[in-house]
file run38.pdb (PDB, C-alpha atoms, pLDDT in the B column)
ATOM      1  CA  MET A1041      -3.118  -3.833  99.352  1.00 90.00           C
ATOM      2  CA  ASN A1042      -5.014  -1.003  97.685  1.00 97.00           C
ATOM      3  CA  ARG A1043      -8.149  -0.176  99.690  1.00 98.00           C
ATOM      4  CA  ILE A1044     -10.329  -0.611  96.598  1.00 98.00           C
ATOM      5  CA  ASP A1045      -9.125  -4.195  96.157  1.00 98.00           C
ATOM      6  CA  SER A1046      -9.706  -4.853  99.833  1.00 98.00           C
ATOM      7  CA  LEU A1047     -13.260  -3.507  99.628  1.00 98.00           C
ATOM      8  CA  PHE A1048     -14.242  -5.708  96.692  1.00 97.00           C
ATOM      9  CA  GLN A1049     -12.624  -8.758  98.261  1.00 97.00           C
ATOM     10  CA  ASN A1050     -14.460  -8.312 101.548  1.00 97.00           C
ATOM     11  CA  LYS A1051     -17.840  -7.124 100.278  1.00 96.00           C
ATOM     12  CA  LYS A1052     -19.330  -9.005  97.357  1.00 88.00           C
ATOM     13  CA  GLN A1053     -22.548  -7.038  96.799  1.00 95.00           C
ATOM     14  CA  ASP A1054     -24.435  -3.796  97.503  1.00 97.00           C
ATOM     15  CA  ILE A1055     -21.323  -1.622  97.553  1.00 98.00           C
ATOM     16  CA  LEU A1056     -22.376   2.015  97.920  1.00 98.00           C
ATOM     17  CA  SER A1057     -20.090   4.678  96.481  1.00 98.00           C
ATOM     18  CA  ILE A1058     -20.951   8.362  96.806  1.00 98.00           C
ATOM     19  CA  TYR A1059     -19.768  11.256  94.647  1.00 97.00           C
ATOM     20  CA  PHE A1060     -19.597  14.916  95.615  1.00 97.00           C
ATOM     21  CA  PRO A1061     -17.441  17.833  94.419  1.00 96.00           C
ATOM     22  CA  ALA A1062     -14.696  19.075  96.734  1.00 97.00           C
ATOM     23  CA  GLY A1063     -15.423  22.401  98.383  1.00 97.00           C
ATOM     24  CA  TYR A1064     -19.193  21.979  98.270  1.00 96.00           C
ATOM     25  CA  PRO A1065     -21.414  23.320  99.644  1.00 96.00           C
ATOM     26  CA  ASN A1066     -18.767  25.293 101.543  1.00 97.00           C
ATOM     27  CA  LEU A1067     -15.052  25.558 100.839  1.00 98.00           C
ATOM     28  CA  ASN A1068     -13.931  23.642 103.925  1.00 97.00           C
ATOM     29  CA  ASP A1069     -16.640  20.954 103.833  1.00 97.00           C
ATOM     30  CA  THR A1070     -14.579  18.352 101.945  1.00 98.00           C
ATOM     31  CA  VAL A1071     -13.168  16.414 104.897  1.00 98.00           C
ATOM     32  CA  PRO A1072     -16.262  16.821 107.122  1.00 98.00           C
ATOM     33  CA  ASN A1073     -18.339  15.377 104.265  1.00 98.00           C
ATOM     34  CA  LEU A1074     -15.993  12.404 104.033  1.00 98.00           C
ATOM     35  CA  GLU A1075     -16.173  11.818 107.770  1.00 98.00           C
ATOM     36  CA  LEU A1076     -19.980  12.023 107.650  1.00 98.00           C
ATOM     37  CA  LEU A1077     -20.153   9.510 104.801  1.00 98.00           C
ATOM     38  CA  GLN A1078     -17.848   7.029 106.510  1.00 98.00           C
ATOM     39  CA  LYS A1079     -19.853   7.270 109.724  1.00 98.00           C
ATOM     40  CA  ALA A1080     -23.076   6.712 107.765  1.00 97.00           C
ATOM     41  CA  GLY A1081     -21.701   3.433 106.374  1.00 97.00           C
ATOM     42  CA  VAL A1082     -20.764   4.400 102.818  1.00 98.00           C
ATOM     43  CA  ASP A1083     -18.219   1.991 101.329  1.00 98.00           C
ATOM     44  CA  MET A1084     -16.262   4.345  99.059  1.00 98.00           C
ATOM     45  CA  VAL A1085     -16.263   8.018  98.072  1.00 98.00           C
ATOM     46  CA  GLU A1086     -15.452   9.718  94.789  1.00 98.00           C
ATOM     47  CA  ILE A1087     -14.317  13.287  95.353  1.00 98.00           C
ATOM     48  CA  GLY A1088     -14.894  15.521  92.358  1.00 97.00           C
ATOM     49  CA  ILE A1089     -12.179  17.947  91.323  1.00 96.00           C
ATOM     50  CA  PRO A1090     -14.269  20.987  90.302  1.00 89.00           C
ATOM     51  CA  PHE A1091     -13.768  21.985  86.680  1.00 82.00           C
ATOM     52  CA  SER A1092     -15.187  24.891  84.717  1.00 77.00           C
ATOM     53  CA  ASP A1093     -16.423  22.776  81.796  1.00 69.00           C
ATOM     54  CA  PRO A1094     -17.522  19.332  83.095  1.00 58.00           C
ATOM     55  CA  LEU A1095     -18.899  17.844  79.867  1.00 63.00           C
ATOM     56  CA  ALA A1096     -20.112  14.555  81.359  1.00 57.00           C
ATOM     57  CA  ASP A1097     -22.070  16.192  84.157  1.00 65.00           C
ATOM     58  CA  GLY A1098     -25.682  17.292  84.318  1.00 71.00           C
ATOM     59  CA  PRO A1099     -27.013  20.591  85.649  1.00 83.00           C
ATOM     60  CA  ALA A1100     -26.925  19.738  89.370  1.00 84.00           C
ATOM     61  CA  ILE A1101     -23.284  18.648  89.401  1.00 88.00           C
ATOM     62  CA  GLN A1102     -22.309  21.516  87.099  1.00 88.00           C
ATOM     63  CA  ALA A1103     -23.947  23.976  89.482  1.00 91.00           C
ATOM     64  CA  ALA A1104     -22.269  22.356  92.504  1.00 92.00           C
ATOM     65  CA  ALA A1105     -18.880  22.456  90.764  1.00 91.00           C
ATOM     66  CA  LYS A1106     -19.377  26.122  89.893  1.00 92.00           C
ATOM     67  CA  GLN A1107     -20.260  26.911  93.486  1.00 95.00           C
ATOM     68  CA  ALA A1108     -17.151  25.078  94.673  1.00 95.00           C
ATOM     69  CA  LEU A1109     -15.010  27.067  92.227  1.00 95.00           C
ATOM     70  CA  ASP A1110     -16.693  30.297  93.328  1.00 95.00           C
ATOM     71  CA  ASN A1111     -15.924  29.288  96.904  1.00 97.00           C
ATOM     72  CA  GLY A1112     -12.261  29.246  95.931  1.00 97.00           C
ATOM     73  CA  MET A1113     -11.689  25.515  95.467  1.00 97.00           C
ATOM     74  CA  LYS A1114      -8.628  24.612  93.401  1.00 96.00           C
ATOM     75  CA  LEU A1115      -6.744  21.356  92.987  1.00 97.00           C
ATOM     76  CA  ARG A1116      -3.805  22.544  95.078  1.00 97.00           C
ATOM     77  CA  LEU A1117      -6.151  23.529  97.912  1.00 98.00           C
ATOM     78  CA  LEU A1118      -7.993  20.205  97.689  1.00 98.00           C
ATOM     79  CA  LEU A1119      -4.756  18.280  98.095  1.00 98.00           C
ATOM     80  CA  GLU A1120      -3.898  20.479 101.058  1.00 98.00           C
ATOM     81  CA  GLN A1121      -7.310  19.812 102.629  1.00 98.00           C
ATOM     82  CA  LEU A1122      -6.809  16.067 102.238  1.00 98.00           C
ATOM     83  CA  LYS A1123      -3.290  15.985 103.658  1.00 97.00           C
ATOM     84  CA  SER A1124      -4.406  14.569 107.020  1.00 97.00           C
ATOM     85  CA  VAL A1125      -7.623  12.856 105.932  1.00 98.00           C
ATOM     86  CA  ARG A1126      -6.301   9.370 106.674  1.00 98.00           C
ATOM     87  CA  LYS A1127      -6.240  10.212 110.376  1.00 98.00           C
ATOM     88  CA  THR A1128     -10.035  10.004 110.431  1.00 98.00           C
ATOM     89  CA  VAL A1129     -11.147   8.322 107.182  1.00 98.00           C
ATOM     90  CA  ASP A1130     -10.084   4.815 106.165  1.00 98.00           C
ATOM     91  CA  ILE A1131     -12.565   3.896 103.391  1.00 98.00           C
ATOM     92  CA  PRO A1132     -11.344   3.964  99.764  1.00 98.00           C
ATOM     93  CA  LEU A1133     -11.093   7.457  98.270  1.00 98.00           C
ATOM     94  CA  VAL A1134     -11.096   8.162  94.545  1.00 98.00           C
ATOM     95  CA  LEU A1135     -10.549  11.525  92.873  1.00 98.00           C
ATOM     96  CA  MET A1136     -12.675  12.178  89.800  1.00 96.00           C
ATOM     97  CA  GLY A1137     -11.821  14.967  87.404  1.00 95.00           C
ATOM     98  CA  TYR A1138     -10.709  16.059  83.964  1.00 93.00           C
ATOM     99  CA  TRP A1139      -7.261  15.480  82.552  1.00 95.00           C
ATOM    100  CA  ASN A1140      -6.518  19.119  81.799  1.00 93.00           C
ATOM    101  CA  THR A1141      -6.561  19.967  85.509  1.00 95.00           C
ATOM    102  CA  ILE A1142      -4.193  17.135  86.400  1.00 97.00           C
ATOM    103  CA  TYR A1143      -1.906  17.744  83.420  1.00 96.00           C
ATOM    104  CA  ASN A1144      -1.561  21.429  84.239  1.00 96.00           C
ATOM    105  CA  TYR A1145      -0.724  20.593  87.851  1.00 97.00           C
ATOM    106  CA  GLY A1146       1.984  18.183  86.710  1.00 98.00           C
ATOM    107  CA  VAL A1147       1.129  14.491  86.420  1.00 98.00           C
ATOM    108  CA  GLU A1148       3.979  13.068  88.481  1.00 97.00           C
ATOM    109  CA  ASN A1149       3.682  15.727  91.178  1.00 98.00           C
ATOM    110  CA  PHE A1150      -0.044  15.052  91.371  1.00 98.00           C
ATOM    111  CA  LEU A1151       0.385  11.278  91.640  1.00 98.00           C
ATOM    112  CA  LYS A1152       3.053  11.708  94.297  1.00 98.00           C
ATOM    113  CA  GLU A1153       0.666  13.895  96.298  1.00 98.00           C
ATOM    114  CA  CYS A1154      -2.044  11.237  95.913  1.00 98.00           C
ATOM    115  CA  GLU A1155       0.285   8.570  97.268  1.00 98.00           C
ATOM    116  CA  ASN A1156       1.270  10.743 100.234  1.00 98.00           C
ATOM    117  CA  ILE A1157      -2.371  11.477 101.058  1.00 98.00           C
ATOM    118  CA  GLY A1158      -3.625   7.930 100.575  1.00 98.00           C
ATOM    119  CA  ILE A1159      -5.781   8.416  97.484  1.00 98.00           C
ATOM    120  CA  ASP A1160      -6.592   4.983  96.072  1.00 98.00           C
ATOM    121  CA  GLY A1161      -7.601   5.770  92.504  1.00 98.00           C
ATOM    122  CA  LEU A1162      -8.555   8.260  89.837  1.00 98.00           C
ATOM    123  CA  ILE A1163     -11.465   8.463  87.419  1.00 98.00           C
ATOM    124  CA  VAL A1164     -10.538  10.645  84.448  1.00 97.00           C
ATOM    125  CA  PRO A1165     -13.246  10.351  81.765  1.00 93.00           C
ATOM    126  CA  ASP A1166     -11.313  12.269  79.101  1.00 94.00           C
ATOM    127  CA  LEU A1167      -7.984  10.430  79.405  1.00 96.00           C
ATOM    128  CA  PRO A1168      -7.912   7.973  76.455  1.00 95.00           C
ATOM    129  CA  LEU A1169      -6.868   4.451  77.387  1.00 96.00           C
ATOM    130  CA  ASP A1170      -4.224   4.272  74.656  1.00 96.00           C
ATOM    131  CA  GLU A1171      -2.628   7.510  75.818  1.00 96.00           C
ATOM    132  CA  PHE A1172      -2.720   6.344  79.437  1.00 97.00           C
ATOM    133  CA  GLU A1173      -1.017   3.051  78.642  1.00 96.00           C
ATOM    134  CA  LEU A1174       1.580   4.662  76.389  1.00 97.00           C
ATOM    135  CA  HIS A1175       2.539   7.658  78.501  1.00 97.00           C
ATOM    136  CA  TYR A1176       1.266   7.437  82.079  1.00 98.00           C
ATOM    137  CA  LYS A1177       0.606   3.870  83.225  1.00 97.00           C
ATOM    138  CA  SER A1178       4.097   3.413  84.646  1.00 97.00           C
ATOM    139  CA  GLU A1179       3.777   6.607  86.690  1.00 97.00           C
ATOM    140  CA  PHE A1180       0.398   5.547  88.095  1.00 98.00           C
ATOM    141  CA  GLU A1181       1.901   2.192  89.067  1.00 97.00           C
ATOM    142  CA  LYS A1182       4.971   3.846  90.585  1.00 98.00           C
ATOM    143  CA  TYR A1183       2.792   5.749  93.045  1.00 98.00           C
ATOM    144  CA  GLY A1184       0.195   3.007  93.592  1.00 98.00           C
ATOM    145  CA  VAL A1185      -2.737   5.001  92.206  1.00 98.00           C
ATOM    146  CA  TYR A1186      -5.377   3.105  90.222  1.00 98.00           C
ATOM    147  CA  ASN A1187      -6.856   4.372  86.949  1.00 98.00           C
ATOM    148  CA  VAL A1188     -10.543   3.418  86.917  1.00 98.00           C
ATOM    149  CA  LEU A1189     -11.974   3.121  83.400  1.00 97.00           C
ATOM    150  CA  LEU A1190     -15.527   3.667  82.158  1.00 96.00           C
ATOM    151  CA  ALA A1191     -17.784   1.688  79.811  1.00 93.00           C
ATOM    152  CA  CYS A1192     -21.202   2.622  78.448  1.00 89.00           C
ATOM    153  CA  PRO A1193     -24.086   0.913  76.546  1.00 89.00           C
ATOM    154  CA  GLU A1194     -22.474   1.739  73.199  1.00 88.00           C
ATOM    155  CA  THR A1195     -19.137   0.136  74.111  1.00 90.00           C
ATOM    156  CA  GLU A1196     -18.519  -2.672  71.638  1.00 90.00           C
ATOM    157  CA  GLU A1197     -17.689  -6.127  72.981  1.00 89.00           C
ATOM    158  CA  LYS A1198     -14.041  -6.084  71.900  1.00 93.00           C
ATOM    159  CA  ARG A1199     -13.551  -2.695  73.513  1.00 93.00           C
ATOM    160  CA  LEU A1200     -15.395  -3.789  76.645  1.00 92.00           C
ATOM    161  CA  GLN A1201     -13.071  -6.755  77.081  1.00 93.00           C
ATOM    162  CA  LYS A1202     -10.093  -4.407  76.702  1.00 95.00           C
ATOM    163  CA  LEU A1203     -11.500  -2.095  79.370  1.00 95.00           C
ATOM    164  CA  ILE A1204     -12.154  -5.027  81.703  1.00 94.00           C
ATOM    165  CA  SER A1205      -8.575  -6.240  81.372  1.00 95.00           C
ATOM    166  CA  SER A1206      -7.066  -2.749  81.673  1.00 96.00           C
ATOM    167  CA  THR A1207      -9.075  -1.059  84.417  1.00 97.00           C
ATOM    168  CA  GLN A1208      -7.666  -0.973  87.915  1.00 97.00           C
ATOM    169  CA  GLY A1209      -9.773  -1.489  91.027  1.00 97.00           C
ATOM    170  CA  PHE A1210     -13.128  -1.734  89.284  1.00 97.00           C
ATOM    171  CA  LEU A1211     -14.905  -0.903  86.049  1.00 96.00           C
ATOM    172  CA  TYR A1212     -17.225   2.111  86.111  1.00 96.00           C
ATOM    173  CA  LEU A1213     -20.328   1.113  84.148  1.00 94.00           C
ATOM    174  CA  VAL A1214     -22.266   4.126  82.905  1.00 92.00           C
ATOM    175  CA  SER A1215     -25.935   3.137  82.945  1.00 87.00           C
ATOM    176  CA  SER A1216     -26.910   5.188  79.905  1.00 73.00           C
ATOM    177  CA  SER A1217     -25.382   7.469  77.296  1.00 59.00           C
ATOM    178  CA  ALA A1218     -26.333  10.733  78.950  1.00 49.00           C
ATOM    179  CA  THR A1219     -24.973  13.245  81.413  1.00 45.00           C
ATOM    180  CA  THR A1220     -25.259  12.710  85.152  1.00 47.00           C
ATOM    181  CA  GLY A1221     -28.391  13.590  87.057  1.00 45.00           C
ATOM    182  CA  GLY A1222     -31.126  11.871  85.077  1.00 49.00           C
ATOM    183  CA  SER A1223     -33.224   8.954  86.217  1.00 53.00           C
ATOM    184  CA  MET A1224     -32.172   5.509  85.086  1.00 55.00           C
ATOM    185  CA  LYS A1225     -34.648   4.427  82.418  1.00 57.00           C
ATOM    186  CA  VAL A1226     -35.428   0.727  82.478  1.00 58.00           C
ATOM    187  CA  ASN A1227     -36.214  -0.370  78.941  1.00 62.00           C
ATOM    188  CA  GLU A1228     -35.323  -3.175  76.552  1.00 68.00           C
ATOM    189  CA  LYS A1229     -32.051  -1.548  75.505  1.00 68.00           C
ATOM    190  CA  GLN A1230     -31.053  -1.000  79.120  1.00 71.00           C
ATOM    191  CA  ASN A1231     -31.988  -4.529  80.124  1.00 72.00           C
ATOM    192  CA  THR A1232     -29.923  -5.931  77.246  1.00 79.00           C
ATOM    193  CA  TYR A1233     -26.938  -3.839  78.362  1.00 80.00           C
ATOM    194  CA  PHE A1234     -27.353  -4.838  82.004  1.00 79.00           C
ATOM    195  CA  ASP A1235     -27.682  -8.521  81.103  1.00 82.00           C
ATOM    196  CA  ARG A1236     -24.432  -8.132  79.176  1.00 84.00           C
ATOM    197  CA  ILE A1237     -22.530  -6.473  82.010  1.00 82.00           C
ATOM    198  CA  LYS A1238     -23.881  -8.988  84.506  1.00 83.00           C
ATOM    199  CA  GLN A1239     -21.543 -11.498  82.880  1.00 87.00           C
ATOM    200  CA  ILE A1240     -18.505  -9.417  83.839  1.00 85.00           C
ATOM    201  CA  GLU A1241     -16.525 -11.307  86.439  1.00 85.00           C
ATOM    202  CA  SER A1242     -14.241  -8.442  87.477  1.00 90.00           C
ATOM    203  CA  PRO A1243     -15.356  -5.828  90.057  1.00 96.00           C
ATOM    204  CA  SER A1244     -17.792  -3.257  88.693  1.00 96.00           C
ATOM    205  CA  LEU A1245     -20.075  -0.445  89.827  1.00 97.00           C
ATOM    206  CA  ILE A1246     -22.964   1.158  87.952  1.00 95.00           C
ATOM    207  CA  GLY A1247     -23.320   4.929  87.902  1.00 94.00           C
ATOM    208  CA  PHE A1248     -25.514   7.659  86.341  1.00 90.00           C
ATOM    209  CA  GLY A1249     -29.213   7.776  87.241  1.00 89.00           C
ATOM    210  CA  ILE A1250     -28.993   6.015  90.607  1.00 94.00           C
ATOM    211  CA  ASN A1251     -31.026   8.283  92.876  1.00 94.00           C
ATOM    212  CA  ASN A1252     -32.949   6.230  95.452  1.00 95.00           C
ATOM    213  CA  LYS A1253     -33.113   2.848  97.167  1.00 96.00           C
ATOM    214  CA  GLU A1254     -35.110   1.288  94.341  1.00 95.00           C
ATOM    215  CA  SER A1255     -32.646   2.230  91.587  1.00 94.00           C
ATOM    216  CA  PHE A1256     -29.705   1.324  93.837  1.00 96.00           C
ATOM    217  CA  GLU A1257     -31.073  -2.158  94.474  1.00 95.00           C
ATOM    218  CA  TYR A1258     -31.882  -2.606  90.786  1.00 92.00           C
ATOM    219  CA  ALA A1259     -28.331  -1.700  89.765  1.00 93.00           C
ATOM    220  CA  CYS A1260     -26.900  -4.024  92.414  1.00 95.00           C
ATOM    221  CA  GLN A1261     -28.564  -6.974  90.682  1.00 92.00           C
ATOM    222  CA  TYR A1262     -26.172  -6.486  87.774  1.00 93.00           C
ATOM    223  CA  ALA A1263     -22.950  -5.232  89.396  1.00 94.00           C
ATOM    224  CA  ASP A1264     -21.169  -5.269  92.745  1.00 96.00           C
ATOM    225  CA  GLY A1265     -22.766  -1.980  93.676  1.00 97.00           C
ATOM    226  CA  ALA A1266     -23.651   1.482  92.483  1.00 97.00           C
ATOM    227  CA  ILE A1267     -22.526   5.095  92.537  1.00 97.00           C
ATOM    228  CA  ILE A1268     -24.772   7.982  93.589  1.00 97.00           C
ATOM    229  CA  GLY A1269     -23.846  11.583  92.837  1.00 95.00           C
ATOM    230  CA  THR A1270     -26.551  14.069  91.906  1.00 94.00           C
ATOM    231  CA  ALA A1271     -29.138  12.829  94.418  1.00 95.00           C
ATOM    232  CA  PHE A1272     -26.591  13.035  97.234  1.00 97.00           C
ATOM    233  CA  ILE A1273     -25.533  16.550  96.205  1.00 96.00           C
ATOM    234  CA  LYS A1274     -29.162  17.660  96.372  1.00 94.00           C
ATOM    235  CA  ALA A1275     -29.443  16.118  99.847  1.00 96.00           C
ATOM    236  CA  LEU A1276     -26.220  17.822 100.884  1.00 95.00           C
ATOM    237  CA  GLU A1277     -27.610  21.156  99.766  1.00 92.00           C
ATOM    238  CA  LYS A1278     -30.680  20.615 101.953  1.00 94.00           C
ATOM    239  CA  ASN A1279     -28.579  19.469 104.926  1.00 94.00           C
ATOM    240  CA  GLU A1280     -30.170  16.009 104.598  1.00 96.00           C
ATOM    241  CA  ALA A1281     -27.045  14.003 103.726  1.00 96.00           C
ATOM    242  CA  LYS A1282     -27.225  11.552 106.638  1.00 96.00           C
ATOM    243  CA  SER A1283     -30.933  10.804 106.216  1.00 97.00           C
ATOM    244  CA  PHE A1284     -30.431  10.316 102.482  1.00 98.00           C
ATOM    245  CA  ILE A1285     -27.697   7.708 103.027  1.00 98.00           C
ATOM    246  CA  ASN A1286     -29.897   5.976 105.601  1.00 97.00           C
ATOM    247  CA  SER A1287     -32.699   5.833 103.028  1.00 97.00           C
ATOM    248  CA  ILE A1288     -30.420   4.019 100.593  1.00 97.00           C
ATOM    249  CA  LYS A1289     -28.928   1.585 103.079  1.00 87.00           C
TER     250      LYS A1289
END

call {"tool": "encode", "arguments": {"input": "run38.pdb", "output": "structure tokens"}}
result
Amino acid sequence: MNRIDSLFQNKKQDILSIYFPAGYPNLNDTVPNLELLQKAGVDMVEIGIPFSDPLADGPAIQAAAKQALDNGMKLRLLLEQLKSVRKTVDIPLVLMGYWNTIYNYGVENFLKECENIGIDGLIVPDLPLDEFELHYKSEFEKYGVYNVLLACPETEEKRLQKLISSTQGFLYLVSSSATTGGSMKVNEKQNTYFDRIKQIESPSLIGFGINNKESFEYACQYADGAIIGTAFIKALEKNEAKSFINSIK
């Protein structure tokens, strides 16, 4: 069974997923960060593949990705770093990045590497669902790697139902139509959106704007859990990663 499926079957609420870019703050910190997060009780980790033009990301993640690239992080090196990660880390691991990086590496070679490492899923915001289903779904299934899809407040109901039926592992619910790193604004529009997604019966996590215990608990009222990225990266930079996770849990 895919580790993501196992997680959602065994934990029905308050799932905490953490995002950080590979190779940050130092080139060889990827696996130590994963080991730290598992020890701190995080349920799942999304490892960012640093990219030079991350359109969906806010300033903090962009700066962290740039630092990782300046450190020398590349996709091939990341896969090499993760080669033995399953000796010490057994929580679900998801790679998050942009399609151009994966396509240039070679899709099948990349998916084969993911299977060998034990990567459970991918989040690729700029891979259209239609293109995925037409050209790549069979390859993802061949290597047992899930494609996690995203929905946002502007997603129309018909499209949302399509995403729910097509996503693998869970549905990534973007809290607002903005880049990462902002604070989640609770207003009438947001409440309407959250009331709508609360009806989703399939596994889901809310991301974007989750930055403390209060916003985490709020998001968990409407989904199975939440994803924290920017706030954790800032804690990582200050060498406060463990205390930050403790403050959330």

call {"tool": "residues_near_point", "arguments": {"input": "run38.pdb", "point": "(-26.3, 16.0, 102.2)", "cutoff": "10 Å", "atoms": "all atoms listed in the file", "output": "list of chain:residue names"}}
result
A:Phe1060, A:Pro1065, A:Asn1073, A:Leu1076, A:Leu1077, A:Ala1271, A:Phe1272, A:Ile1273, A:Lys1274, A:Ala1275, A:Leu1276, A:Glu1277, A:Lys1278, A:Asn1279, A:Glu1280, A:Ala1281, A:Lys1282, A:Ser1283, A:Phe1284, A:Ile1285

call {"tool": "atom_distance", "arguments": {"input": "run38.pdb", "atom1": "CA of Gly1146 in chain A", "atom2": "CA of Leu1245 in chain A"}}
result
29.0 Å

call {"tool": "closest_residue", "arguments": {"input": "run38.pdb", "among": "A:Ser1242, A:Gly1158, A:Thr1070, A:Lys1152", "to": "Lys1052 in chain A", "atoms": "all atoms listed in the file"}}
result
A:Ser1242

call {"tool": "atom_distance", "arguments": {"input": "run38.pdb", "atom1": "CA of Glu1148 in chain A", "atom2": "CA of Gly1184 in chain A"}}
result
11.9 Å

call {"tool": "closest_residue", "arguments": {"input": "run38.pdb", "among": "A:Pro1090, A:Gly1081, A:Pro1193, A:Pro1243", "to": "Ile1058 in chain A", "atoms": "only C-alpha atoms"}}
result
A:Gly1081

call {"tool": "residues_near_point", "arguments": {"input": "run38.pdb", "point": "(-11.5, 21.1, 105.1)", "cutoff": "9 Å", "atoms": "only C-alpha atoms", "output": "MDAnalysis selection string"}}
result
chainID A and resid 1063 1067:1073 1118 1120:1122

call {"tool": "atom_distance", "arguments": {"input": "run38.pdb", "atom1": "CA of Glu1075 in chain A", "atom2": "CA of Ser1287 in chain A"}}
result
18.2 Å
